[in-house]
file model_4.csv (CSV, C-alpha atoms and all ligand atoms)
chain,number,residue,atom,x,y,z
H,1,MET,CA,1.9,7.8,-23.8
H,2,GLY,CA,1.0,10.1,-26.6
H,3,GLY,CA,3.1,12.8,-25.0
H,4,ILE,CA,3.8,14.8,-28.2
H,5,LEU,CA,0.0,15.2,-28.8
H,6,LYS,CA,-0.6,16.7,-25.4
H,7,PRO,CA,-0.1,20.5,-24.8
H,8,MET,CA,2.2,21.3,-21.9
H,9,SER,CA,-0.6,23.3,-20.3
H,10,GLN,CA,-2.5,20.1,-19.6
H,11,THR,CA,0.1,18.6,-17.4
H,12,LEU,CA,-1.7,17.8,-14.1
H,13,THR,CA,-0.5,19.5,-11.0
H,14,LEU,CA,-0.2,18.0,-7.5
H,15,GLU,CA,-3.1,20.3,-6.4
H,16,GLN,CA,-5.4,19.0,-9.2
H,17,ILE,CA,-4.4,15.4,-8.4
H,18,ARG,CA,-5.3,16.0,-4.8
H,19,ARG,CA,-8.9,16.8,-5.8
H,20,ALA,CA,-9.3,13.5,-7.7
H,21,PRO,CA,-11.1,10.7,-5.8
H,22,LYS,CA,-8.4,8.1,-5.3
H,23,VAL,CA,-8.1,4.5,-4.1
H,24,LEU,CA,-5.2,3.1,-2.1
H,25,LEU,CA,-4.7,-0.6,-1.6
H,26,HIS,CA,-1.2,-0.8,-0.1
H,27,ASP,CA,-0.4,1.5,2.8
H,28,HIS,CA,1.3,0.4,6.1
H,29,LEU,CA,-0.2,1.9,9.3
H,30,ASP,CA,3.3,1.8,11.0
H,31,GLY,CA,4.8,3.5,7.9
H,32,GLY,CA,2.5,6.5,7.9
H,33,LEU,CA,2.8,8.2,11.2
H,34,ARG,CA,3.1,12.0,11.4
H,35,PRO,CA,6.6,12.9,12.7
H,36,GLU,CA,5.1,15.2,15.4
H,37,THR,CA,3.0,12.3,16.6
H,38,ILE,CA,6.0,10.0,16.9
H,39,ILE,CA,7.7,12.6,19.0
H,40,GLU,CA,4.7,13.1,21.3
H,41,LEU,CA,4.1,9.4,21.7
H,42,ALA,CA,7.8,8.8,22.4
H,43,ASP,CA,7.8,11.5,25.1
H,44,ALA,CA,4.7,10.1,26.7
H,45,ILE,CA,6.2,6.6,27.1
H,46,GLY,CA,9.8,7.6,27.7
H,47,TYR,CA,11.1,6.1,24.5
H,48,ALA,CA,14.5,7.7,24.1
H,49,GLY,CA,15.6,6.0,20.9
H,50,LEU,CA,14.4,8.6,18.4
H,51,PRO,CA,17.2,10.0,16.2
H,52,SER,CA,15.7,13.6,16.5
H,53,SER,CA,13.1,15.3,18.6
H,54,ASN,CA,12.4,17.9,15.9
H,55,ALA,CA,9.5,16.9,13.6
H,56,THR,CA,11.1,18.2,10.4
H,57,GLU,CA,14.4,16.6,11.2
H,58,LEU,CA,12.8,13.4,12.2
H,59,GLY,CA,10.7,13.2,8.9
H,60,ALA,CA,13.9,13.9,6.9
H,61,TRP,CA,15.8,11.2,9.0
H,62,PHE,CA,13.1,8.6,8.0
H,63,THR,CA,13.3,9.3,4.3
H,64,ALA,CA,17.1,9.4,4.3
H,65,ALA,CA,17.4,6.2,6.3
H,66,ALA,CA,14.9,4.4,4.2
H,67,ASP,CA,16.8,5.5,1.1
H,68,SER,CA,19.1,2.6,1.6
H,69,GLY,CA,19.0,0.6,-1.6
H,70,SER,CA,18.1,-2.5,0.5
H,71,LEU,CA,14.8,-3.7,1.8
H,72,GLU,CA,16.3,-5.0,5.0
H,73,ARG,CA,17.8,-1.6,5.9
H,74,TYR,CA,14.6,0.1,4.9
H,75,LEU,CA,12.7,-2.1,7.3
H,76,GLU,CA,15.0,-1.2,10.2
H,77,THR,CA,13.4,2.3,10.3
H,78,PHE,CA,10.1,0.6,11.5
H,79,GLY,CA,11.8,-0.1,14.9
H,80,HIS,CA,11.0,3.5,15.9
H,81,THR,CA,7.4,3.6,14.7
H,82,VAL,CA,6.5,0.2,16.2
H,83,ALA,CA,8.1,1.3,19.5
H,84,VAL,CA,5.6,4.1,20.0
H,85,MET,CA,2.6,2.0,18.9
H,86,GLN,CA,2.3,-0.3,21.9
H,87,THR,CA,-0.7,1.1,23.8
H,88,ARG,CA,-4.4,1.2,23.1
H,89,ASP,CA,-4.4,5.1,23.0
H,90,ALA,CA,-1.3,5.3,20.7
H,91,LEU,CA,-2.8,2.8,18.3
H,92,GLU,CA,-6.1,4.5,18.2
H,93,ARG,CA,-4.5,7.9,17.7
H,94,VAL,CA,-2.2,6.7,14.9
H,95,ALA,CA,-5.1,5.0,13.1
H,96,ALA,CA,-7.4,8.0,13.4
H,97,GLU,CA,-4.7,10.3,12.0
H,98,CYS,CA,-4.0,7.9,9.2
H,99,ALA,CA,-7.7,8.0,8.1
H,100,GLU,CA,-7.7,11.8,8.4
H,101,ASP,CA,-4.5,12.2,6.4
H,102,LEU,CA,-5.6,9.9,3.6
H,103,ALA,CA,-9.0,11.6,3.4
H,104,ALA,CA,-7.3,15.1,3.3
H,105,ASP,CA,-5.3,13.8,0.3
H,106,GLY,CA,-8.5,12.9,-1.5
H,107,VAL,CA,-8.4,9.1,-0.9
H,108,VAL,CA,-12.0,7.8,-0.9
H,109,TYR,CA,-11.2,4.2,-0.2
H,110,ALA,CA,-8.1,2.8,1.5
H,111,GLU,CA,-6.9,-0.6,2.7
H,112,VAL,CA,-4.4,0.0,5.5
H,113,ARG,CA,-2.3,-2.9,6.9
H,114,TYR,CA,-0.2,-3.5,9.9
H,115,ALA,CA,1.1,-6.5,11.9
H,116,PRO,CA,-0.8,-7.0,15.2
H,117,GLU,CA,2.0,-9.3,16.5
H,118,GLN,CA,4.4,-6.3,16.5
H,119,HIS,CA,2.2,-4.4,19.0
H,120,LEU,CA,2.2,-6.7,22.0
H,121,GLU,CA,5.4,-5.4,23.8
H,122,ALA,CA,3.5,-3.5,26.5
H,123,GLY,CA,1.1,-6.3,27.2
H,124,LEU,CA,-1.8,-5.9,24.8
H,125,GLU,CA,-3.5,-9.0,23.5
H,126,LEU,CA,-3.9,-9.4,19.7
H,127,GLU,CA,-7.6,-8.7,20.0
H,128,GLU,CA,-7.0,-5.5,21.9
H,129,VAL,CA,-4.6,-4.3,19.2
H,130,VAL,CA,-7.2,-4.9,16.5
H,131,GLU,CA,-10.0,-3.2,18.4
H,132,ALA,CA,-7.9,-0.2,19.2
H,133,VAL,CA,-7.0,0.3,15.5
H,134,GLN,CA,-10.6,-0.2,14.4
H,135,ALA,CA,-11.7,2.4,17.0
H,136,GLY,CA,-9.1,4.7,15.6
H,137,PHE,CA,-10.2,4.3,12.0
H,138,ALA,CA,-13.8,4.8,13.0
H,139,LEU,CA,-12.9,8.0,14.8
H,140,GLY,CA,-10.7,9.3,11.9
H,141,CYS,CA,-13.3,8.5,9.3
H,142,ALA,CA,-16.0,10.3,11.3
H,143,ARG,CA,-13.8,13.4,11.8
H,144,ALA,CA,-13.0,13.4,8.1
H,145,ALA,CA,-16.6,13.1,7.1
H,146,GLY,CA,-17.3,16.0,9.4
H,147,ARG,CA,-15.0,18.1,7.2
H,148,GLY,CA,-16.8,16.9,4.1
H,149,GLU,CA,-14.0,14.4,3.2
H,150,SER,CA,-15.6,11.0,3.4
H,151,ILE,CA,-13.4,8.0,3.2
H,152,ARG,CA,-14.0,4.2,3.7
H,153,VAL,CA,-11.1,2.4,5.4
H,154,GLY,CA,-10.7,-1.4,5.3
H,155,THR,CA,-8.0,-3.1,7.4
H,156,LEU,CA,-5.6,-5.8,6.3
H,157,LEU,CA,-3.9,-7.8,9.0
H,158,THR,CA,-0.3,-8.6,8.2
H,159,ALA,CA,1.8,-11.5,9.5
H,160,MET,CA,5.6,-11.1,9.5
H,161,ARG,CA,7.2,-13.6,7.1
H,162,HIS,CA,10.3,-14.3,9.3
H,163,ALA,CA,8.0,-15.1,12.3
H,164,ALA,CA,5.8,-18.1,12.9
H,165,ARG,CA,2.4,-16.5,13.8
H,166,SER,CA,0.8,-16.4,10.4
H,167,SER,CA,-1.9,-19.0,11.1
H,168,GLU,CA,-2.9,-17.1,14.3
H,169,ILE,CA,-3.0,-13.8,12.5
H,170,ALA,CA,-5.1,-15.4,9.6
H,171,GLU,CA,-7.6,-16.6,12.2
H,172,LEU,CA,-7.6,-13.2,13.8
H,173,ALA,CA,-8.4,-11.7,10.3
H,174,VAL,CA,-11.3,-14.1,9.9
H,175,ARG,CA,-12.6,-13.4,13.4
H,176,TYR,CA,-12.7,-9.6,12.7
H,177,ARG,CA,-14.0,-9.8,9.1
H,178,ASP,CA,-17.4,-8.3,10.1
H,179,ALA,CA,-15.7,-5.6,12.2
H,180,GLY,CA,-13.7,-3.9,9.4
H,181,VAL,CA,-10.9,-6.3,8.6
H,182,VAL,CA,-11.1,-7.1,4.9
H,183,GLY,CA,-8.1,-9.2,4.3
H,184,PHE,CA,-4.6,-10.6,5.2
H,185,ASP,CA,-1.1,-10.1,4.0
H,186,ILE,CA,2.5,-11.2,4.7
H,187,ALA,CA,5.3,-8.7,4.9
H,188,GLY,CA,8.9,-8.3,6.0
H,189,ALA,CA,12.2,-9.3,4.5
H,190,GLU,CA,11.5,-11.3,1.3
H,191,ALA,CA,14.8,-13.1,0.5
H,192,GLY,CA,15.1,-16.3,2.5
H,193,HIS,CA,11.4,-16.2,3.6
H,194,PRO,CA,9.3,-17.7,0.8
H,195,PRO,CA,5.6,-17.4,1.1
H,196,THR,CA,5.1,-21.2,1.1
H,197,ARG,CA,6.4,-21.1,4.7
H,198,HIS,CA,3.0,-19.8,5.5
H,199,LEU,CA,1.0,-22.2,3.4
H,200,ASP,CA,-1.2,-23.3,6.3
H,201,ALA,CA,-2.4,-19.8,6.9
H,202,PHE,CA,-3.2,-19.3,3.2
H,203,GLU,CA,-5.0,-22.7,2.9
H,204,TYR,CA,-7.0,-21.8,6.0
H,205,LEU,CA,-8.0,-18.4,4.5
H,206,ARG,CA,-9.1,-20.0,1.3
H,207,ARG,CA,-11.3,-22.5,3.1
H,208,GLU,CA,-12.8,-19.5,4.9
H,209,ASN,CA,-13.5,-17.7,1.6
H,210,ALA,CA,-11.2,-14.9,2.8
H,211,HIS,CA,-9.1,-12.5,0.8
H,212,PHE,CA,-5.3,-12.1,1.0
H,213,THR,CA,-2.4,-10.3,-0.7
H,214,ILE,CA,1.3,-11.2,-0.4
H,215,HIS,CA,4.3,-9.0,-0.6
H,216,ALA,CA,6.1,-10.7,-3.5
H,217,GLY,CA,8.5,-9.8,-6.3
H,218,GLU,CA,9.9,-6.7,-4.5
H,219,ALA,CA,13.4,-7.7,-3.2
H,220,PHE,CA,13.2,-11.2,-4.7
H,221,GLY,CA,12.2,-12.2,-8.2
H,222,LEU,CA,9.9,-14.5,-10.1
H,223,PRO,CA,10.0,-17.6,-7.8
H,224,SER,CA,8.5,-15.5,-5.1
H,225,ILE,CA,5.7,-14.3,-7.4
H,226,TRP,CA,5.1,-17.8,-8.7
H,227,GLU,CA,4.9,-19.3,-5.1
H,228,ALA,CA,2.6,-16.5,-4.0
H,229,LEU,CA,0.2,-17.2,-6.9
H,230,GLN,CA,0.4,-20.9,-7.7
H,231,TRP,CA,1.1,-22.3,-4.2
H,232,CYS,CA,-0.5,-19.9,-1.9
H,233,GLY,CA,-3.3,-18.6,-4.1
H,234,ALA,CA,-2.9,-14.9,-3.5
H,235,ASP,CA,-5.6,-12.6,-4.7
H,236,ARG,CA,-3.2,-9.7,-5.3
H,237,LEU,CA,0.6,-9.1,-5.3
H,238,GLY,CA,2.2,-6.5,-3.0
H,239,HIS,CA,4.6,-4.8,-5.4
H,240,GLY,CA,5.1,-7.6,-7.9
H,241,VAL,CA,7.5,-5.3,-9.9
H,242,ARG,CA,9.8,-8.2,-10.7
H,243,ILE,CA,7.2,-9.6,-13.0
H,244,VAL,CA,9.0,-7.6,-15.7
H,245,ASP,CA,11.8,-10.2,-15.4
H,246,ASP,CA,9.4,-12.5,-17.3
H,247,ILE,CA,8.8,-10.0,-20.1
H,248,HIS,CA,11.4,-10.1,-22.9
H,249,HIS,CA,12.2,-7.8,-25.8
H,250,GLY,CA,12.7,-9.6,-29.1
H,251,GLY,CA,14.9,-8.4,-32.0
H,252,ASP,CA,12.0,-6.2,-33.2
H,253,GLY,CA,11.9,-4.5,-29.8
H,254,GLN,CA,8.4,-5.8,-29.1
H,255,PRO,CA,7.8,-7.2,-25.6
H,256,SER,CA,6.8,-10.8,-25.3
H,257,LEU,CA,5.4,-12.3,-22.1
H,258,GLY,CA,6.7,-15.5,-20.5
H,259,ARG,CA,4.1,-17.9,-19.0
H,260,LEU,CA,4.1,-16.4,-15.5
H,261,ALA,CA,3.7,-12.8,-16.8
H,262,SER,CA,1.0,-14.0,-19.2
H,263,TYR,CA,-0.8,-15.7,-16.3
H,264,VAL,CA,-0.6,-12.5,-14.2
H,265,ARG,CA,-2.0,-10.4,-17.0
H,266,ASP,CA,-4.6,-13.0,-18.3
H,267,LYS,CA,-6.0,-13.6,-14.8
H,268,ARG,CA,-6.0,-9.8,-14.1
H,269,VAL,CA,-3.9,-10.3,-11.0
H,270,PRO,CA,-3.8,-6.8,-9.3
H,271,LEU,CA,-0.3,-5.4,-8.8
H,272,GLU,CA,0.0,-3.1,-5.9
H,273,MET,CA,2.8,-0.9,-7.2
H,274,CYS,CA,4.6,1.5,-4.9
H,275,PRO,CA,7.0,3.6,-7.1
H,276,SER,CA,8.9,5.7,-4.5
H,277,SER,CA,9.3,2.8,-2.1
H,278,ASN,CA,10.7,0.7,-4.9
H,279,VAL,CA,13.3,3.3,-5.7
H,280,GLN,CA,14.3,3.5,-2.0
H,281,THR,CA,14.7,-0.2,-1.6
H,282,GLY,CA,16.5,-0.7,-4.9
H,283,ALA,CA,13.6,-2.7,-6.5
H,284,ALA,CA,13.6,0.0,-9.2
H,285,GLU,CA,16.3,2.3,-10.4
H,286,SER,CA,14.2,5.5,-10.8
H,287,ILE,CA,10.7,6.6,-11.3
H,288,GLN,CA,11.4,7.2,-15.0
H,289,SER,CA,12.6,3.6,-15.4
H,290,HIS,CA,10.0,2.0,-13.1
H,291,PRO,CA,8.4,-1.1,-14.6
H,292,ILE,CA,5.0,0.5,-14.0
H,293,GLY,CA,5.4,2.4,-17.4
H,294,LEU,CA,5.7,-0.9,-19.4
H,295,LEU,CA,3.1,-2.7,-17.3
H,296,ARG,CA,0.5,0.0,-17.8
H,297,GLN,CA,1.2,0.0,-21.5
H,298,LEU,CA,0.7,-3.8,-21.6
H,299,ARG,CA,-2.5,-3.4,-19.6
H,300,PHE,CA,-1.6,-5.4,-16.6
H,301,ARG,CA,-4.0,-4.7,-13.7
H,302,VAL,CA,-1.7,-2.0,-12.2
H,303,THR,CA,-2.6,0.0,-9.2
H,304,VAL,CA,-0.6,2.9,-7.6
H,305,ASN,CA,0.1,3.0,-3.9
H,306,THR,CA,2.2,4.7,-1.2
H,307,ASP,CA,3.5,1.7,0.8
H,308,ASN,CA,5.0,3.9,3.6
H,309,ARG,CA,4.1,7.6,3.5
H,310,LEU,CA,6.5,8.4,6.3
H,311,GLN,CA,9.6,6.6,5.0
H,312,SER,CA,9.0,7.9,1.4
H,313,GLY,CA,7.9,11.4,2.5
H,314,THR,CA,5.0,10.9,0.1
H,315,THR,CA,1.2,10.8,-0.4
H,316,LEU,CA,-0.9,9.0,-3.0
H,317,SER,CA,-1.3,12.3,-4.9
H,318,ALA,CA,2.5,12.8,-4.9
H,319,GLU,CA,3.0,9.3,-6.2
H,320,PHE,CA,0.6,10.1,-9.1
H,321,ALA,CA,2.3,13.4,-9.7
H,322,LYS,CA,5.7,11.7,-10.0
H,323,LEU,CA,4.2,9.3,-12.5
H,324,VAL,CA,2.5,12.1,-14.5
H,325,GLU,CA,5.9,13.8,-14.7
H,326,ALA,CA,7.7,10.6,-15.7
H,327,PHE,CA,5.2,9.1,-18.1
H,328,ASP,CA,3.0,12.1,-19.1
H,329,TYR,CA,-0.1,10.5,-17.7
H,330,ASP,CA,-3.4,12.4,-18.0
H,331,TRP,CA,-6.8,12.2,-16.3
H,332,ASP,CA,-7.7,9.1,-18.3
H,333,ASP,CA,-4.6,7.2,-17.1
H,334,LEU,CA,-5.2,8.3,-13.5
H,335,GLU,CA,-8.8,7.2,-13.7
H,336,TRP,CA,-7.8,3.9,-15.1
H,337,PHE,CA,-5.4,3.2,-12.2
H,338,THR,CA,-8.1,4.2,-9.8
H,339,VAL,CA,-10.8,2.0,-11.3
H,340,ASN,CA,-8.3,-0.9,-11.4
H,341,ALA,CA,-7.6,-0.4,-7.7
H,342,MET,CA,-11.3,-0.1,-6.8
H,343,LYS,CA,-12.1,-3.3,-8.8
H,344,SER,CA,-9.3,-5.1,-6.9
H,345,ALA,CA,-10.4,-4.0,-3.4
H,346,PHE,CA,-11.4,-6.6,-0.8
H,347,VAL,CA,-14.7,-5.1,0.1
H,348,PRO,CA,-17.8,-6.7,-1.4
H,349,PHE,CA,-18.6,-6.2,-5.1
H,350,ASP,CA,-21.6,-4.0,-4.5
H,351,GLU,CA,-19.6,-1.6,-2.4
H,352,ARG,CA,-16.8,-1.4,-5.0
H,353,LEU,CA,-19.4,-0.7,-7.7
H,354,ALA,CA,-21.0,2.0,-5.6
H,355,LEU,CA,-17.7,3.8,-5.2
H,356,ILE,CA,-16.8,3.5,-8.9
H,357,ASN,CA,-20.2,4.8,-10.1
H,358,GLY,CA,-21.0,7.1,-7.2
H,359,ARG,CA,-17.6,8.8,-6.5
H,360,ILE,CA,-14.8,7.8,-8.9
H,361,LYS,CA,-16.4,8.3,-12.3
H,362,PRO,CA,-18.3,11.5,-11.4
H,363,GLY,CA,-15.2,12.9,-9.6
H,364,PHE,CA,-13.0,12.4,-12.6
H,365,ALA,CA,-15.7,13.6,-15.0
H,366,GLN,CA,-15.9,16.8,-13.1
H,367,LEU,CA,-12.1,17.3,-13.1
H,368,LYS,CA,-11.8,16.6,-16.8
H,369,TRP,CA,-14.5,19.1,-17.5
H,370,ALA,CA,-13.0,21.7,-15.2
H,371,THR,CA,-9.5,21.4,-16.7
H,372,GLN,CA,-10.3,20.9,-20.4
H,401,LIG,O1,7.6,-2.7,1.2
H,401,LIG,C1,7.6,-3.5,2.2
H,401,LIG,N1,8.1,-4.8,2.0
H,401,LIG,C2,8.1,-5.7,3.0
H,401,LIG,N2,7.7,-5.4,4.2
H,401,LIG,C3,7.3,-4.2,4.5
H,401,LIG,C4,7.2,-3.2,3.5
H,401,LIG,N3,6.8,-2.0,4.1
H,401,LIG,C5,6.6,-2.3,5.4
H,401,LIG,N4,6.9,-3.6,5.6
H,401,LIG,C6,6.8,-4.3,6.9
H,401,LIG,O2,5.4,-4.5,7.2
H,401,LIG,C7,5.3,-4.4,8.6
H,401,LIG,C8,3.8,-4.2,9.0
H,401,LIG,O3,3.3,-3.1,8.5
H,401,LIG,C9,6.2,-3.2,9.0
H,401,LIG,O4,6.5,-3.1,10.3
H,401,LIG,C10,7.4,-3.5,8.1
H,401,LIG,O5,8.3,-4.3,8.8
H,402,ZN,ZN,4.4,-2.9,1.7
call {"tool": "encode", "arguments": {"input": "model_4.csv", "output": "C-alpha cells"}}
result
Amino acid sequence: MGGILKPMSQTLTLEQIRRAPKVLLHDHLDGGLRPETIIELADAIGYAGLPSSNATELGAWFTAAADSGSLERYLETFGHTVAVMQTRDALERVAAECAEDLAADGVVYAEVRYAPEQHLEAGLELEEVVEAVQAGFALGCARAAGRGESIRVGTLLTAMRHAARSSEIAELAVRYRDAGVVGFDIAGAEAGHPPTRHLDAFEYLRRENAHFTIHAGEAFGLPSIWEALQWCGADRLGHGVRIVDDIHHGGDGQPSLGRLASYVRDKRVPLEMCPSSNVQTGAAESIQSHPIGLLRQLRFRVTVNTDNRLQSGTTLSAEFAKLVEAFDYDWDDLEWFTVNAMKSAFVPFDERLALINGRIKPGFAQLKWATQ
C-alpha cells in the first residue's frame, strides 16, 4: 500500500516489530512447544516415537512435515506434541513456557487454545487438564511480569470436529469462564466435518452468553464459513481465508463482494488469519499472494496470528515481518491489525479498551516517534 511513497529505510525490521505491543487471537498450545521441551518430556515418560532427539533437528522436522500442502497431513504432526502433554506437570510446563515465549515476543494479550479431550490418555480428567493449563499460564505470566514483559492470556477450549464431545467441552468452557477460559472453538480436519454437526454445543453457548470461534474456510470453502456464521452463530472465524472465493473482479478490475463476503465485512466479523500456516496447508499459495492483502485493502476486520509456532517455525513478530516484506506494511498497518485483534478479543469490553488505550496506542506511538 503506497509502497512507492515510502523510503526503503523505513521498512520495519523483525527487531523493531518485536518491540511493538501485539495481540494474538489464534495460537494452539499443542502447536507451540519448544523442541527441547518435547524431547525432555518424551524422555521423562519414555515416549520413543519422536523423529529426532536433537532439538534443532526436531524443530526442522516439524516445519518440514507440516509443509505438506494438506491440512490432514499437517495435523498428523500433532501426534507427537499431544503424546507428551498427558500429565499435570507436562501441561503446566508447556502452558507456562507458552506464556513466557509469547511475552518475550512482545505479545501483550493472547488467546491460546487446545483440546482438553486430547489430554486424557494417562488418566487425567477434563477438569484436571484445564486446571493444569491454567496453573501454567498463571506461572508463565508471573515469570514474564517479573522480567518486565507483562502479558494477559485467555484460554479457548477446543473440541475436535471429528469427535463427539463438543457439548461436554462447551459445558467445560462455561464452567471455567471465571477461571481464565474466555471462549470455545472447534478444530481438526475441516472437509467432511461441517460445523453444524456441533450445533447443540453452539446453541448451548449462545444461551449461556458465551463466546466462540470456529475454524472455517481454511481447507474447505464458502459453505463452511456460511454454516459457521449463519447456523452456528460464530463470533469470529478461524482463518476464514476462503471468503475471497466470494469476492469477484469485474471487467474494470474492481473487486465486488458477494452476499456472504458483504455480510462478513458489514458485520465486522473478525478473521483470524494465519499466513504461514495457510501456505503450509495449501490454503494459500504464498505469503505474497495471501488473501490478507486484498482483505486488508477492503477493510475486512483482519487480524494476524501464528496458528502453530512450532509447525510453522514462527512467532507473531515473524508473521508481521513476512507481511511487511510482502505488502510493504508500515506501523499504521500493524497498529490497525493489532487494534482489530484487541477489539475482537473475548475478554470484557473494559479490559479490551484498557489494553488499547493503555498499551497498544502508547506503544505504537512511541515506536513511530523513535523510528521516524
Ligand atoms: O489450522 C488448523 N486447522 C484445524 N485444526 C488445527 C489447526 N491447527 C491445529 N489444529 C488442531 O487443533 C488441535 C487442538 O489445538 C490440535 O491438536 C490440532 O489437531
Ligand atoms: Zn488453528
call {"tool": "closest_residue", "arguments": {"input": "model_4.csv", "among": "H:Ala122, H:Ala365, H:Met342, H:Val181", "to": "H:Tyr109", "atoms": "all atoms listed in the file"}}
result
H:Met342
call {"tool": "atom_distance", "arguments": {"input": "model_4.csv", "atom1": "atom CA of H:Glu111", "atom2": "atom CA of H:Lys22"}}
result
11.9 Å
call {"tool": "closest_atom_pairs", "arguments": {"input": "model_4.csv", "of": "chain H", "to": "ligand LIG 401 (chain H)", "cutoff": "9 Å", "atoms": "all atoms listed in the file", "output": "tab-separated table"}}
result
residue	atom	partner	partner_atom	distance
H:Asp27	CA	H:LIG401	N3	8.1
H:His28	CA	H:LIG401	O3	4.7
H:Leu29	CA	H:LIG401	O3	6.2
H:Asp30	CA	H:LIG401	O3	5.5
H:Gly31	CA	H:LIG401	C5	6.6
H:Leu71	CA	H:LIG401	N1	6.8
H:Glu72	CA	H:LIG401	C2	8.5
H:Tyr74	CA	H:LIG401	N3	8.1
H:Leu75	CA	H:LIG401	O5	5.1
H:Glu76	CA	H:LIG401	O5	7.5
H:Thr77	CA	H:LIG401	O5	8.5
H:Phe78	CA	H:LIG401	O4	5.3
H:Gly79	CA	H:LIG401	O4	7.6
H:Thr81	CA	H:LIG401	O4	8.1
H:Val82	CA	H:LIG401	O4	6.8
H:Val112	CA	H:LIG401	O3	8.8
H:Arg113	CA	H:LIG401	O3	5.8
H:Tyr114	CA	H:LIG401	O3	3.8
H:Ala115	CA	H:LIG401	C8	4.6
H:Pro116	CA	H:LIG401	C8	8.2
H:Gln118	CA	H:LIG401	O4	7.3
H:Leu157	CA	H:LIG401	C8	8.5
H:Thr158	CA	H:LIG401	C8	6.1
H:Ala159	CA	H:LIG401	C8	7.6
H:Met160	CA	H:LIG401	C7	6.8
H:Arg161	CA	H:LIG401	N2	8.7
H:Ile186	CA	H:LIG401	O2	7.7
H:Ala187	CA	H:LIG401	N2	4.1
H:Gly188	CA	H:LIG401	N2	3.6
H:Ala189	CA	H:LIG401	C2	5.7
H:Glu190	CA	H:LIG401	C2	6.8
H:His215	CA	H:LIG401	C2	6.2
H:Ala216	CA	H:LIG401	N1	8.3
H:Glu218	CA	H:LIG401	N1	7.0
H:Ala219	CA	H:LIG401	N1	8.0
H:Gly238	CA	H:LIG401	O1	7.8
H:His239	CA	H:LIG401	O1	7.5
H:Cys274	CA	H:LIG401	O1	8.0
H:Ser277	CA	H:LIG401	O1	6.6
H:Asn278	CA	H:LIG401	O1	7.6
H:Thr281	CA	H:LIG401	O1	8.0
H:Asp307	CA	H:LIG401	N3	6.0
H:Asn308	CA	H:LIG401	N3	6.2
call {"tool": "residues_near_point", "arguments": {"input": "model_4.csv", "point": "(-11.1, -4.5, 19.3)", "cutoff": "12 Å", "atoms": "only C-alpha atoms", "output": "PyMOL selection string"}}
result
chain H and resi 88+91-92+116+124-138+172-173+175-181
call {"tool": "residues_around", "arguments": {"input": "model_4.csv", "residues": "H:Leu33", "least_positions_apart": "6", "cutoff": "8 Å", "atoms": "only C-alpha atoms", "output": "VMD selection string"}}
result
chain H and resid 81 94 97 to 98 309 to 310
call {"tool": "atom_distance", "arguments": {"input": "model_4.csv", "atom1": "atom CA of H:Gly32", "atom2": "atom CA of H:Val324"}}
result
23.1 Å
call {"tool": "residues_around", "arguments": {"input": "model_4.csv", "residues": "stretch 209-211 of chain H", "least_positions_apart": "5", "cutoff": "8 Å", "atoms": "all atoms listed in the file", "output": "MDAnalysis selection string"}}
result
chainID H and resid 174 182:184 234:235 346
call {"tool": "residues_near_point", "arguments": {"input": "model_4.csv", "point": "(-15.4, 2.8, 2.3)", "cutoff": "12 Å", "atoms": "only C-alpha atoms", "output": "ChimeraX atom specification"}}
result
/H:22-25,99,103,107-112,137-138,141-142,145,149-155,180-182,342,345-348,350-356,358-359
call {"tool": "closest_residue", "arguments": {"input": "model_4.csv", "among": "H:Val339, H:Met273, H:Leu298, H:Ala370", "to": "ligand ZN 402 (chain H)", "atoms": "all atoms listed in the file"}}
result
H:Met273
call {"tool": "atom_distance", "arguments": {"input": "model_4.csv", "atom1": "atom CA of H:Glu325", "atom2": "atom CA of H:Asp252"}}
result
27.9 Å
call {"tool": "closest_residue", "arguments": {"input": "model_4.csv", "among": "H:Glu285, H:Asp333, H:Asp185, H:Asp43", "to": "ligand ZN 402 (chain H)", "atoms": "all atoms listed in the file"}}
result
H:Asp185
call {"tool": "closest_residue", "arguments": {"input": "model_4.csv", "among": "H:Ala201, H:Ala163, H:Ala20, H:Leu139", "to": "H:Phe337", "atoms": "only C-alpha atoms"}}
result
H:Ala20
call {"tool": "closest_residue", "arguments": {"input": "model_4.csv", "among": "H:Ile214, H:Val302, H:Ala90, H:Ala164", "to": "H:Trp226", "atoms": "only C-alpha atoms"}}
result
H:Ile214
call {"tool": "closest_residue", "arguments": {"input": "model_4.csv", "among": "H:Ser317, H:Thr213, H:Asn340, H:Gln372", "to": "ligand ZN 402 (chain H)", "atoms": "all atoms listed in the file"}}
result
H:Thr213
call {"tool": "build_atoms", "arguments": {"input": "model_4.csv", "residues": "stretch 355-362 of chain H", "atoms": "N, CA and C atoms", "output": "mmCIF file, keeping the file's coordinate frame"}}
result
data_model
loop_
_atom_site.group_PDB
_atom_site.id
_atom_site.type_symbol
_atom_site.label_atom_id
_atom_site.label_comp_id
_atom_site.auth_asym_id
_atom_site.auth_seq_id
_atom_site.Cartn_x
_atom_site.Cartn_y
_atom_site.Cartn_z
ATOM 1 N N LEU H 355 -18.763 2.740 -5.196
ATOM 2 C CA LEU H 355 -17.700 3.800 -5.200
ATOM 3 C C LEU H 355 -17.260 4.132 -6.586
ATOM 4 N N ILE H 356 -17.207 3.162 -7.470
ATOM 5 C CA ILE H 356 -16.800 3.500 -8.900
ATOM 6 C C ILE H 356 -17.845 4.392 -9.500
ATOM 7 N N ASN H 357 -19.119 3.998 -9.376
ATOM 8 C CA ASN H 357 -20.200 4.800 -10.100
ATOM 9 C C ASN H 357 -20.581 6.023 -9.310
ATOM 10 N N GLY H 358 -20.474 5.970 -7.977
ATOM 11 C CA GLY H 358 -21.000 7.100 -7.200
ATOM 12 C C GLY H 358 -19.902 8.152 -6.906
ATOM 13 N N ARG H 359 -18.622 7.771 -6.885
ATOM 14 C CA ARG H 359 -17.600 8.800 -6.500
ATOM 15 C C ARG H 359 -16.499 8.893 -7.573
ATOM 16 N N ILE H 360 -15.955 7.756 -8.014
ATOM 17 C CA ILE H 360 -14.800 7.800 -8.900
ATOM 18 C C ILE H 360 -15.114 8.412 -10.244
ATOM 19 N N LYS H 361 -16.079 7.798 -10.909
ATOM 20 C CA LYS H 361 -16.400 8.300 -12.300
ATOM 21 C C LYS H 361 -16.925 9.723 -12.258
ATOM 22 N N PRO H 362 -17.877 10.064 -11.386
ATOM 23 C CA PRO H 362 -18.300 11.500 -11.400
ATOM 24 C C PRO H 362 -17.193 12.428 -10.996
#
